[in-house]
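S.K.: Structure provided below as structure tokens; questions to follow.
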Amino acid sequence: MLSVRLTKEMEERIDKLAKSTQRPKSFFVKEALSNYLDDMEEYYEVLKRRNDPNRNLITLDELERALDVQDSH
């Protein structure tokens with residue numbers, strides 16, 4: 001179980017949304033937290049990969065050749 005203190009503004013916004021959609025406030029808190037966690041997990045995975053000394057990088061030219069794309073620059 002987790003307890004979170006919201007600002008008065010956040011609580012009012014969630015209350016209004018819950019009433020207008022007839023959904024429980026917890027639905028929106030869970031949705032928001034789930035989306036935020038997805039974003040944070042992705043962000044930290046990118047950081048991990050960016051700092052990996054064994055990452056395999058290619059140049060833009062190599063990518064264009066691999067995709068058989070015309071040189072546009």
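Ordered as shown in the structure tokens, chains take letters A, B, and onward, while each chain numbers its residues from 1 and ligands are numbered from 1 in the order shown.
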Would you write out, as CSV, a table of all residues in region 14-70 of chain A that have an atom no more than 12 Å from an atom of region 5-10 of chain A, listing for each the closest atom pair and the distance in Å to one decimal, considering only C-alpha atoms and ordering rows by chain and rising residue number?
M.R.:
residue,atom,partner,partner_atom,distance
A:Ile14,CA,A:Met10,CA,6.2
A:Asp15,CA,A:Met10,CA,8.5
A:Lys16,CA,A:Met10,CA,9.9
A:Leu17,CA,A:Met10,CA,10.6
A:Lys25,CA,A:Met10,CA,11.1
A:Phe28,CA,A:Met10,CA,11.4
A:Val29,CA,A:Met10,CA,10.4
S.K.: Let's see if you can do this: from backbone DSSP, list all helix (DSSP H, G or I) residues in chain A, as a PyMOL selection string.
M.R.: chain A and resi 8-21+25-50+60-66
S.K.: Using only C-alpha atoms, please write the residues we just selected to a file, as an mmCIF file, in the first residue's frame.
M.R.:
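And here is the file that came out, part-v3.cif:
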data_model
loop_
_atom_site.group_PDB
_atom_site.id
_atom_site.type_symbol
_atom_site.label_atom_id
_atom_site.label_comp_id
_atom_site.auth_asym_id
_atom_site.auth_seq_id
_atom_site.Cartn_x
_atom_site.Cartn_y
_atom_site.Cartn_z
ATOM 1 C CA LYS A 8 -4.880 20.870 -3.558
ATOM 2 C CA GLU A 9 -4.842 21.688 -7.285
ATOM 3 C CA MET A 10 -4.023 18.096 -8.268
ATOM 4 C CA GLU A 11 -6.714 16.712 -6.025
ATOM 5 C CA GLU A 12 -9.287 19.136 -7.436
ATOM 6 C CA ARG A 13 -8.330 18.198 -10.994
ATOM 7 C CA ILE A 14 -8.589 14.471 -10.262
ATOM 8 C CA ASP A 15 -11.923 14.989 -8.490
ATOM 9 C CA LYS A 16 -13.308 16.923 -11.465
ATOM 10 C CA LEU A 17 -12.076 14.327 -13.954
ATOM 11 C CA ALA A 18 -13.432 11.447 -11.894
ATOM 12 C CA LYS A 19 -16.856 13.065 -11.610
ATOM 13 C CA SER A 20 -17.083 13.972 -15.284
ATOM 14 C CA THR A 21 -16.081 10.473 -16.428
ATOM 15 C CA LYS A 25 -9.930 8.708 -8.805
ATOM 16 C CA SER A 26 -7.648 5.710 -8.338
ATOM 17 C CA PHE A 27 -8.108 4.842 -12.024
ATOM 18 C CA PHE A 28 -6.481 8.099 -13.107
ATOM 19 C CA VAL A 29 -3.727 7.906 -10.517
ATOM 20 C CA LYS A 30 -2.853 4.376 -11.662
ATOM 21 C CA GLU A 31 -2.956 5.402 -15.350
ATOM 22 C CA ALA A 32 -0.728 8.418 -14.745
ATOM 23 C CA LEU A 33 1.741 6.417 -12.679
ATOM 24 C CA SER A 34 1.834 3.600 -15.211
ATOM 25 C CA ASN A 35 2.583 6.027 -18.063
ATOM 26 C CA TYR A 36 5.239 7.789 -16.003
ATOM 27 C CA LEU A 37 6.916 4.506 -15.072
ATOM 28 C CA ASP A 38 6.946 3.406 -18.715
ATOM 29 C CA ASP A 39 8.664 6.666 -19.659
ATOM 30 C CA MET A 40 11.206 6.451 -16.829
ATOM 31 C CA GLU A 41 12.073 2.820 -17.558
ATOM 32 C CA GLU A 42 12.625 3.689 -21.204
ATOM 33 C CA TYR A 43 14.713 6.742 -20.268
ATOM 34 C CA TYR A 44 17.016 4.754 -17.990
ATOM 35 C CA GLU A 45 17.365 1.980 -20.560
ATOM 36 C CA VAL A 46 18.498 4.595 -23.104
ATOM 37 C CA LEU A 47 21.038 5.951 -20.615
ATOM 38 C CA LYS A 48 22.330 2.448 -19.954
ATOM 39 C CA ARG A 49 22.718 1.736 -23.659
ATOM 40 C CA ARG A 50 24.286 5.130 -24.348
ATOM 41 C CA LEU A 60 24.366 8.005 -41.136
ATOM 42 C CA ASP A 61 25.933 7.062 -44.468
ATOM 43 C CA GLU A 62 26.131 3.413 -43.393
ATOM 44 C CA LEU A 63 22.492 3.495 -42.316
ATOM 45 C CA GLU A 64 21.387 5.058 -45.609
ATOM 46 C CA ARG A 65 23.315 2.424 -47.563
ATOM 47 C CA ALA A 66 21.841 -0.382 -45.464
#
